[in-house]
file start_37.txt (compact mmCIF, C-alpha atoms)
# COMPACT_ATOMS: atom_id res chain seq x y z
CA MET M 1 67.73 108.78 111.96
CA THR M 2 69.68 105.83 113.48
CA ASP M 3 72.61 106.36 115.83
CA ALA M 4 74.99 105.14 113.11
CA ASN M 5 73.65 107.65 110.59
CA ARG M 6 73.75 110.42 113.15
CA LEU M 7 77.40 109.66 114.01
CA ASN M 8 78.30 109.53 110.33
CA THR M 9 76.60 112.86 109.66
CA VAL M 10 78.23 114.59 112.62
CA LEU M 11 81.68 113.28 111.66
CA ALA M 12 81.10 114.30 108.01
CA ILE M 13 80.15 117.86 109.00
CA ILE M 14 83.16 118.23 111.31
CA ALA M 15 85.50 116.71 108.68
CA ILE M 16 84.24 119.13 106.01
CA ILE M 17 84.68 122.10 108.35
CA VAL M 18 88.24 120.92 109.16
CA LEU M 19 89.09 120.55 105.46
CA VAL M 20 87.62 123.93 104.43
CA LEU M 21 89.22 125.86 107.30
CA SER M 22 92.61 124.20 106.99
CA PHE M 23 92.64 124.66 103.20
CA SER M 24 91.80 128.35 103.67
CA ALA M 25 94.69 128.67 106.11
CA PHE M 26 96.95 126.85 103.64
CA ALA M 27 95.90 129.22 100.82
CA TYR M 28 96.72 132.14 103.14
CA ILE M 29 100.20 130.88 103.99
CA ILE M 30 101.27 130.07 100.44
CA VAL M 31 100.66 133.65 99.30
CA PRO M 32 104.10 135.28 99.83
CA LYS M 33 104.07 138.08 102.40
CA GLY M 34 106.71 140.08 100.56
CA ASP M 35 109.22 140.11 97.72
CA ALA M 36 111.54 137.09 97.81
CA SER M 37 114.48 139.15 96.50
CA LEU M 38 114.19 141.76 99.25
CA ILE M 39 114.19 142.06 102.99
CA VAL M 40 112.52 145.02 104.67
CA VAL M 41 114.41 146.14 107.78
CA ASN M 42 112.86 148.93 109.84
CA LYS M 43 110.85 150.03 106.75
CA ILE M 44 113.95 150.16 104.51
CA ASP M 45 114.32 147.71 101.59
CA TYR M 46 117.56 145.76 101.24
CA GLY M 47 118.23 143.39 98.35
CA TRP M 48 119.54 140.03 99.56
CA ASP M 49 122.52 140.42 97.22
CA VAL M 50 123.31 143.78 98.85
CA ILE M 51 123.12 142.24 102.33
CA PHE M 52 125.77 139.65 101.51
CA THR M 53 128.09 141.99 99.59
CA ASP M 54 127.89 145.28 101.53
CA PHE M 55 127.94 143.91 105.08
CA GLU M 56 130.78 142.05 106.75
CA MET M 57 130.37 138.27 106.85
CA THR M 58 131.12 136.57 110.18
CA SER M 59 131.77 132.89 110.87
CA PHE M 60 129.89 131.31 113.75
CA THR M 61 128.67 127.97 115.05
CA ALA M 62 125.06 127.07 115.83
CA SER M 63 123.62 123.66 116.70
CA GLU M 64 127.02 122.12 115.99
CA ASP M 65 127.05 123.43 112.38
CA ASP M 66 129.37 126.08 111.00
CA TYR M 67 127.81 129.07 109.28
CA GLU M 68 128.80 132.34 107.72
CA GLY M 69 126.43 135.25 107.98
CA VAL M 70 125.81 138.94 108.52
CA LEU M 71 125.12 140.23 112.02
CA VAL M 72 121.51 141.40 112.10
CA SER M 73 122.36 144.15 114.57
CA ASN M 74 124.69 145.74 111.98
CA ILE M 75 121.84 145.94 109.46
CA ILE M 76 119.40 147.35 112.00
CA LEU M 77 121.92 150.01 113.07
CA ASP M 78 122.49 150.79 109.36
CA THR M 79 118.83 151.84 109.13
CA GLY M 80 119.61 154.68 111.54
CA LEU M 81 117.56 153.34 114.43
CA GLU M 82 118.22 155.14 117.70
CA ASN M 83 118.03 153.50 121.12
CA PRO M 84 117.90 149.93 119.71
CA GLN M 85 117.80 148.33 123.17
CA GLY M 86 114.46 150.04 123.84
CA HIS M 87 112.60 148.03 121.18
CA THR M 88 111.33 144.56 120.39
CA TYR M 89 112.04 143.06 116.95
CA ARG M 90 109.69 140.99 114.82
CA PHE M 91 111.16 138.60 112.24
CA MET M 92 108.62 137.49 109.65
CA GLY M 93 109.01 134.99 106.81
CA LEU M 94 107.33 134.96 103.41
CA ASP M 95 104.86 132.37 104.74
CA GLY M 96 103.82 134.59 107.65
CA TYR M 97 105.78 132.67 110.30
CA GLN M 98 107.07 135.21 112.78
CA LYS M 99 108.97 135.52 116.03
CA ASP M 100 109.41 138.48 118.38
CA VAL M 101 112.75 138.85 120.15
CA THR M 102 114.66 141.39 122.23
CA TRP M 103 117.67 143.51 121.25
CA GLU M 104 119.83 141.20 123.36
CA ASP M 105 118.75 138.28 121.14
CA VAL M 106 119.24 140.37 117.97
CA GLN M 107 122.84 141.13 118.92
CA ASN M 108 123.61 137.43 118.62
CA SER M 109 121.72 136.70 115.42
CA TYR M 110 122.83 136.37 111.80
CA LEU M 111 121.33 136.40 108.33
CA VAL M 112 122.63 133.47 106.26
CA GLU M 113 122.33 132.85 102.53
CA ASP M 114 121.00 129.31 102.89
CA GLU M 115 117.20 129.64 102.81
CA HIS M 116 117.61 133.40 103.51
CA LYS M 117 117.09 132.66 107.18
CA VAL M 118 117.92 134.27 110.47
CA VAL M 119 119.96 132.12 112.83
CA PHE M 120 119.95 132.62 116.60
CA PRO M 121 122.82 130.43 117.85
CA ASN M 122 121.65 130.62 121.47
CA MET M 123 117.98 129.91 120.79
CA THR M 124 116.04 126.87 119.59
CA ARG M 125 115.51 126.44 115.89
CA SER M 126 111.86 127.36 116.18
CA PHE M 127 113.18 130.96 116.28
CA TRP M 128 115.13 130.56 113.04
CA VAL M 129 112.73 132.15 110.56
CA LYS M 130 113.47 131.07 106.99
CA ASP M 131 112.69 132.97 103.78
CA LEU M 132 112.86 136.10 105.86
CA ALA M 133 110.83 139.00 104.42
CA LEU M 134 110.69 141.55 107.22
CA ILE M 135 112.46 142.73 110.33
CA GLU M 136 110.05 145.08 112.04
CA VAL M 137 110.94 147.37 114.93
CA ILE M 138 108.18 147.34 117.53
CA SER M 139 107.97 149.98 120.22
CA MET K 1 86.06 91.56 117.81
CA GLU K 2 89.82 91.28 117.35
CA LYS K 3 91.64 89.62 120.25
CA MET K 4 93.02 91.52 123.20
CA VAL K 5 96.60 90.72 124.17
CA ASN K 6 96.67 90.03 127.91
CA ASN K 7 100.34 89.21 128.52
CA LYS K 8 101.88 92.38 129.97
CA TYR K 9 105.39 91.46 128.76
CA ARG K 10 104.13 91.08 125.20
CA ILE K 11 102.47 94.48 125.48
CA LEU K 12 105.62 96.07 126.91
CA ALA K 13 107.68 94.53 124.11
CA GLY K 14 105.13 95.84 121.59
CA ILE K 15 105.43 99.33 123.05
CA ILE K 16 109.22 99.20 122.70
CA VAL K 17 109.35 97.81 119.17
CA PHE K 18 106.63 99.99 117.63
CA GLY K 19 107.82 103.05 119.55
CA SER K 20 111.35 102.44 118.27
CA LEU K 21 110.14 102.07 114.68
CA TRP K 22 108.13 105.28 114.98
CA GLY K 23 111.06 107.14 116.57
CA MET K 24 113.48 105.93 113.89
CA LEU K 25 111.18 107.12 111.10
CA GLU K 26 110.77 110.48 112.86
CA CYS K 27 114.55 110.86 113.11
CA ILE K 28 115.28 109.91 109.50
CA LEU K 29 112.31 111.44 107.67
CA GLY K 30 112.03 114.45 109.98
CA GLU K 31 115.12 115.96 108.42
CA VAL K 32 114.08 115.43 104.80
CA LYS K 33 113.56 118.68 102.93
CA LEU K 34 111.38 118.43 99.86
CA THR K 35 112.05 120.68 96.92
CA GLY K 36 110.26 121.90 93.81
CA ALA K 37 106.51 121.35 93.66
CA LEU K 38 106.56 119.47 96.97
CA GLU K 39 108.34 122.27 98.85
CA ALA K 40 105.14 123.34 100.63
CA PHE K 41 104.42 119.79 101.79
CA PRO K 42 105.12 119.56 105.53
CA MET K 43 106.98 116.37 106.44
CA GLY K 44 105.65 116.71 109.99
CA ALA K 45 102.11 116.19 108.70
CA PHE K 46 103.19 112.98 106.98
CA LEU K 47 104.97 111.79 110.11
CA GLY K 48 102.07 112.67 112.40
CA ALA K 49 99.05 111.69 110.32
CA PHE K 50 100.47 108.78 108.35
CA VAL K 51 103.40 107.23 110.24
CA GLY K 52 102.33 108.12 113.80
CA LEU K 53 98.58 107.72 113.43
CA GLY K 54 99.05 104.63 111.26
CA LEU K 55 101.28 102.87 113.80
CA MET K 56 99.03 103.83 116.72
CA VAL K 57 95.88 102.60 114.98
CA LEU K 58 97.60 99.42 113.84
CA THR K 59 98.87 98.59 117.34
CA ARG K 60 95.46 99.38 118.84
CA ARG K 61 94.07 96.87 116.36
CA LEU K 62 96.75 94.24 116.99
CA TYR K 63 96.92 94.48 120.79
CA ASN K 64 93.55 96.08 121.64
CA VAL K 65 95.09 97.75 124.69
CA MET K 66 94.34 101.32 125.75
CA TRP K 67 97.19 103.69 126.71
CA MET K 68 99.72 101.45 124.96
CA GLN K 69 100.02 104.08 122.22
CA LEU K 70 101.03 106.77 124.71
CA GLY K 71 103.80 104.42 125.81
CA MET K 72 104.89 104.03 122.19
CA ALA K 73 104.92 107.82 121.82
CA LEU K 74 107.15 108.11 124.90
CA VAL K 75 109.61 105.58 123.42
CA ALA K 76 109.54 107.34 120.03
CA GLY K 77 109.99 110.74 121.71
CA LEU K 78 112.93 109.38 123.72
CA LEU K 79 114.61 108.06 120.59
CA ARG K 80 114.02 111.38 118.83
CA PHE K 81 115.49 113.21 121.80
CA TRP K 82 118.46 110.86 121.85
CA ALA K 83 119.38 111.86 118.28
CA PRO K 84 120.12 115.52 118.94
CA VAL K 85 120.73 116.61 115.38
CA GLY K 86 118.32 118.57 113.26
CA THR K 87 115.50 120.97 113.68
CA CYS K 88 114.40 121.68 117.24
CA VAL K 89 114.92 118.27 118.83
CA ILE K 90 112.98 118.99 121.98
CA CYS K 91 110.08 120.28 119.84
CA SER K 92 109.93 117.02 117.91
CA ALA K 93 110.12 114.86 121.04
CA LEU K 94 107.36 116.86 122.74
CA ALA K 95 105.18 116.76 119.61
CA ILE K 96 105.39 112.96 119.44
CA VAL K 97 104.31 112.56 123.07
CA ALA K 98 101.45 115.05 122.55
CA GLU K 99 100.34 113.10 119.47
CA GLY K 100 100.17 109.90 121.54
CA MET K 101 98.11 111.65 124.22
CA ILE K 102 95.62 113.05 121.70
CA PHE K 103 95.27 109.64 120.07
CA GLU K 104 94.36 108.12 123.45
CA LEU K 105 91.85 110.88 124.17
CA ILE K 106 90.08 110.28 120.85
CA PHE K 107 90.25 106.52 120.45
CA ASN K 108 89.64 105.53 124.09
CA ARG K 109 86.05 106.74 123.69
CA PRO K 110 83.77 103.70 123.35
CA VAL K 111 82.10 105.20 120.27
CA PHE K 112 85.45 105.21 118.43
CA ASN K 113 86.48 101.69 119.47
CA ILE K 114 88.14 100.41 116.29
CA ASN K 115 88.19 96.82 117.61
CA LYS K 116 84.42 96.52 117.91
CA SER K 117 83.12 94.05 115.34
CA GLY K 118 80.50 95.44 112.96
CA GLY K 119 79.02 98.92 113.41
CA ASP K 120 80.36 102.32 112.41
CA MET K 121 84.03 101.54 112.86
CA ARG K 122 83.85 99.05 109.98
CA ASN K 123 82.43 101.64 107.58
CA VAL K 124 85.07 103.15 105.25
CA GLN K 125 83.25 106.46 105.02
CA THR K 126 82.94 106.87 108.79
CA LEU K 127 86.58 105.90 109.26
CA ALA K 128 87.66 108.40 106.59
CA PHE K 129 85.74 111.23 108.29
CA LEU K 130 87.13 110.27 111.68
CA GLY K 131 90.62 109.97 110.16
CA ILE K 132 90.39 113.52 108.77
CA ILE K 133 89.45 114.86 112.20
CA ALA K 134 91.99 112.70 114.06
CA GLY K 135 94.85 113.42 111.63
CA PHE K 136 94.24 117.16 111.82
CA THR K 137 93.79 117.20 115.62
CA ILE K 138 96.82 115.03 116.35
CA TYR K 139 99.13 117.05 114.10
CA THR K 140 97.93 120.56 115.03
CA THR K 141 97.79 119.81 118.75
CA GLY K 142 101.29 118.35 118.68
CA TYR K 143 102.50 121.43 116.79
CA MET K 144 100.77 123.85 119.19
CA PHE K 145 102.06 121.92 122.19
CA THR K 146 105.63 122.45 121.00
CA GLN K 147 105.07 126.14 120.29
CA ILE K 148 103.90 126.59 123.87
CA PHE K 149 106.32 124.34 125.75
CA THR K 150 109.55 124.70 123.77
CA PRO K 151 110.06 128.39 124.60
CA ILE K 152 109.07 127.72 128.21
CA LEU K 153 111.53 124.84 128.57
CA THR K 154 114.38 126.45 126.67
CA GLU K 155 114.01 130.21 127.19
CA GLY K 156 111.93 130.19 130.35
CA ALA K 157 109.31 132.43 128.72
CA PHE K 158 106.23 132.20 126.54
CA SER K 159 105.10 134.86 124.08
CA ILE K 160 101.41 134.97 123.13
CA SER K 161 102.21 137.03 120.01
CA ASN K 162 104.77 134.46 118.80
CA PHE K 163 102.26 131.67 119.41
CA SER K 164 99.25 133.33 117.78
CA ALA K 165 101.35 134.35 114.75
CA THR K 166 102.11 130.68 114.17
CA LEU K 167 98.46 129.54 114.16
CA PRO K 168 97.72 130.13 110.43
CA LEU K 169 100.82 128.11 109.58
CA ILE K 170 99.83 125.29 111.94
CA PHE K 171 96.26 125.11 110.61
CA GLY K 172 97.40 125.47 106.98
CA ARG K 173 99.85 122.60 107.30
CA GLY K 174 97.14 120.70 109.14
CA PHE K 175 95.27 120.42 105.83
CA PHE K 176 97.80 117.81 104.68
CA ALA K 177 97.49 115.97 107.99
CA ALA K 178 93.69 115.94 107.61
CA VAL K 179 93.86 114.45 104.11
CA LEU K 180 96.47 111.87 105.14
CA GLY K 181 94.46 110.96 108.24
CA GLY K 182 91.43 110.31 106.03
CA ILE K 183 93.47 107.74 104.12
CA THR K 184 95.45 106.25 107.01
CA LEU K 185 92.64 105.38 109.40
CA PRO K 186 90.49 103.25 107.04
CA LEU K 187 93.65 101.61 105.70
CA ALA K 188 95.07 100.69 109.12
CA VAL K 189 91.71 99.53 110.49
CA LEU K 190 90.38 97.58 107.54
CA ALA K 191 93.35 96.16 105.60
CA LYS K 192 93.30 92.43 106.32
CA GLN K 193 96.92 92.11 105.20
CA LEU K 194 98.03 94.28 108.14
CA TYR K 195 96.54 92.03 110.82
CA ILE K 196 98.58 89.48 112.77
CA ASP K 197 97.38 87.62 115.84
CA VAL K 198 100.14 88.80 118.19
CA SER K 199 99.24 86.46 121.05
CA SER K 200 99.57 83.40 118.81
CA ILE K 201 103.19 84.10 117.79
CA LYS K 202 105.61 81.75 119.53
CA LYS K 203 107.33 83.37 122.52
CA GLU K 204 110.88 82.89 121.22
CA HIS K 205 110.00 84.28 117.79
CA TYR K 206 108.09 87.22 119.23
CA TYR K 207 110.71 88.39 121.72
CA GLY K 208 113.54 87.62 119.30
CA ALA K 209 111.96 89.78 116.61
CA VAL K 210 111.20 92.56 119.10
CA ALA K 211 114.78 92.59 120.39
CA GLY K 212 116.25 92.50 116.87
CA ILE K 213 114.04 95.22 115.38
CA SER K 214 114.31 97.53 118.41
CA THR K 215 118.10 97.20 118.52
CA PHE K 216 118.29 97.85 114.78
CA CYS K 217 116.24 101.06 115.15
CA TRP K 218 118.40 102.48 117.95
CA VAL K 219 121.69 101.45 116.35
CA PHE K 220 120.59 102.78 112.96
CA VAL K 221 119.70 106.17 114.44
CA PHE K 222 122.98 106.25 116.36
CA ALA K 223 124.95 105.38 113.20
CA PHE K 224 122.96 107.83 111.07
CA PHE K 225 123.59 110.82 113.32
CA TYR K 226 126.91 110.11 115.04
CA ILE K 227 129.06 108.18 112.58
call {"tool": "encode", "arguments": {"input": "start_37.txt", "output": "structure tokens"}}
result
Amino acid sequence: MTDANRLNTVLAIIAIIVLVLSFSAFAYIIVPKGDASLIVVNKIDYGWDVIFTDFEMTSFTASEDDYEGVLVSNIILDTGLENPQGHTYRFMGLDGYQKDVTWEDVQNSYLVEDEHKVVFPNMTRSFWVKDLALIEVIS
Amino acid sequence: MEKMVNNKYRILAGIIVFGSLWGMLECILGEVKLTGALEAFPMGAFLGAFVGLGLMVLTRRLYNVMWMQLGMALVAGLLRFWAPVGTCVICSALAIVAEGMIFELIFNRPVFNINKSGGDMRNVQTLAFLGIIAGFTIYTTGYMFTQIFTPILTEGAFSISNFSATLPLIFGRGFFAAVLGGITLPLAVLAKQLYIDVSSIKKEHYYGAVAGISTFCWVFVFAFFYI
């Protein structure tokens, strides 16, 4: 086998592995990790419509934009969680994207209707999980 | 072999103009949200594996100068950082610089010298395979780089669980970057229509065009985000 053929074969094998693995990962992320009409907070289901009608809406500013949303801490406390400051909180989207934050961060976070996302005004947008499916309480 | 540009001022001007074009496209297209059937398509993969990789390969072909593309990435990152509107500005700026670094690490290897006449780097198939690997690597590394450094720079902390939870998303979106890279590399290396002999352009035309295009890019971004 010439050097040119060998290089071509090696590149072809690596390229195929890259395509197969990345497509598998893509297939995994497009399968929704929950029901788009619901959000599960501390193992309790809340309909998105309930969130925005039953909880008080608050106006706030984040990244120079004005928003209106529901304080996440109010929803978590509504689930009956005791000692909320003693836990970590995992926010996970329908695509599996997730971020872990502290209670201090949660106290300044909001659920907004646009894209059903969580907004942390004091944190970078990489923490703003959209199409939120789950807020899990981690010990 | 395509000519190497030796004049350092021409190279510096090339870094500024192509970096500005790249940065402008990142600023404008980076905020585009696709809907409907294209909702799952990540714009970052298009920007990394088509716009970024395409411009870096093209300039490597036109100037034949190593490390120039990292300079372009720094200019593009600076322009992106200068337009502080949109999703995670520091993430985008860091990702662009990381993309430039990965490009240099791959294409500075003699075996992947795209300016060598004849040989493997003139074969469409080889270029497509290399483009798939390069597109995927550039995009996913840039993405991972931001997931590591953004929390460190902004929050002063890094969470392994947050990072590892993002990996399926990064690799899944990388599929689009791989496919785009497989198209971009052969196109940018082989298309005769994309080649200009930079060193033969008259000095006044060259620097005039560079100044005009670069100014347009920065003013356009300023107007787009601030006015």
call {"tool": "interface_residues", "arguments": {"input": "start_37.txt", "of": "chain K", "to": "chain M", "cutoff": "7 Å", "atoms": "all atoms listed in the file", "output": "PyMOL selection string"}}
result
chain K and resi 87-88+120+126+129-130+132-133+162+165-166+168-169+171-175+178
call {"tool": "residues_near_point", "arguments": {"input": "start_37.txt", "point": "(99.1, 103.7, 111.7)", "cutoff": "10 Å", "atoms": "all atoms listed in the file", "output": "PyMOL selection string"}}
result
chain K and resi 22+48-61+181+184-189
call {"tool": "residues_near_point", "arguments": {"input": "start_37.txt", "point": "(115.8, 107.2, 113.3)", "cutoff": "8 Å", "atoms": "all atoms listed in the file", "output": "PyMOL selection string"}}
result
chain K and resi 21+23-29+79-80+83+217-218+220-222+224
call {"tool": "atom_distance", "arguments": {"input": "start_37.txt", "atom1": "CA of His87 in chain M", "atom2": "CA of Val72 in chain M"}}
result
14.3 Å
call {"tool": "closest_residue", "arguments": {"input": "start_37.txt", "among": "M:Thr53, M:Asn42, M:Thr79, M:Ser37", "to": "Asp131 in chain M", "atoms": "only C-alpha atoms"}}
result
M:Ser37
call {"tool": "residues_around", "arguments": {"input": "start_37.txt", "residues": "range 104-108 of chain K", "least_positions_apart": "6", "cutoff": "7 Å", "atoms": "only C-alpha atoms", "output": "number ranges by chain"}}
result
K: 66-67, 70
call {"tool": "write_last_selection", "arguments": {"input": "start_37.txt", "atoms": "C-alpha atoms", "output": "PDB file, keeping the file's coordinate frame"}}
result
ATOM      1  CA  MET K  66      94.340 101.320 125.750  1.00  0.00           C
ATOM      2  CA  TRP K  67      97.190 103.690 126.710  1.00  0.00           C
ATOM      3  CA  LEU K  70     101.030 106.770 124.710  1.00  0.00           C
TER       4      LEU K  70
END
call {"tool": "residues_around", "arguments": {"input": "start_37.txt", "residues": "Met57 in chain M", "least_positions_apart": "5", "cutoff": "7 Å", "atoms": "all atoms listed in the file", "output": "ChimeraX atom specification"}}
result
/M:68-70
call {"tool": "closest_residue", "arguments": {"input": "start_37.txt", "among": "M:Val137, M:Ala36, M:Ala62, M:Val31", "to": "Thr102 in chain M", "atoms": "all atoms listed in the file"}}
result
M:Val137
call {"tool": "closest_residue", "arguments": {"input": "start_37.txt", "among": "K:Gly19, K:Leu190, K:Ala95, K:Phe163", "to": "Leu127 in chain K", "atoms": "only C-alpha atoms"}}
result
K:Leu190
call {"tool": "atom_distance", "arguments": {"input": "start_37.txt", "atom1": "CA of Val41 in chain M", "atom2": "CA of Ile135 in chain M"}}
result
4.7 Å
call {"tool": "atom_distance", "arguments": {"input": "start_37.txt", "atom1": "CA of Val5 in chain K", "atom2": "CA of Ile201 in chain K"}}
result
11.3 Å
call {"tool": "closest_residue", "arguments": {"input": "start_37.txt", "among": "M:Glu136, M:Thr61, M:Ile39, M:Ser73", "to": "Lys117 in chain M", "atoms": "all atoms listed in the file"}}
result
M:Ile39
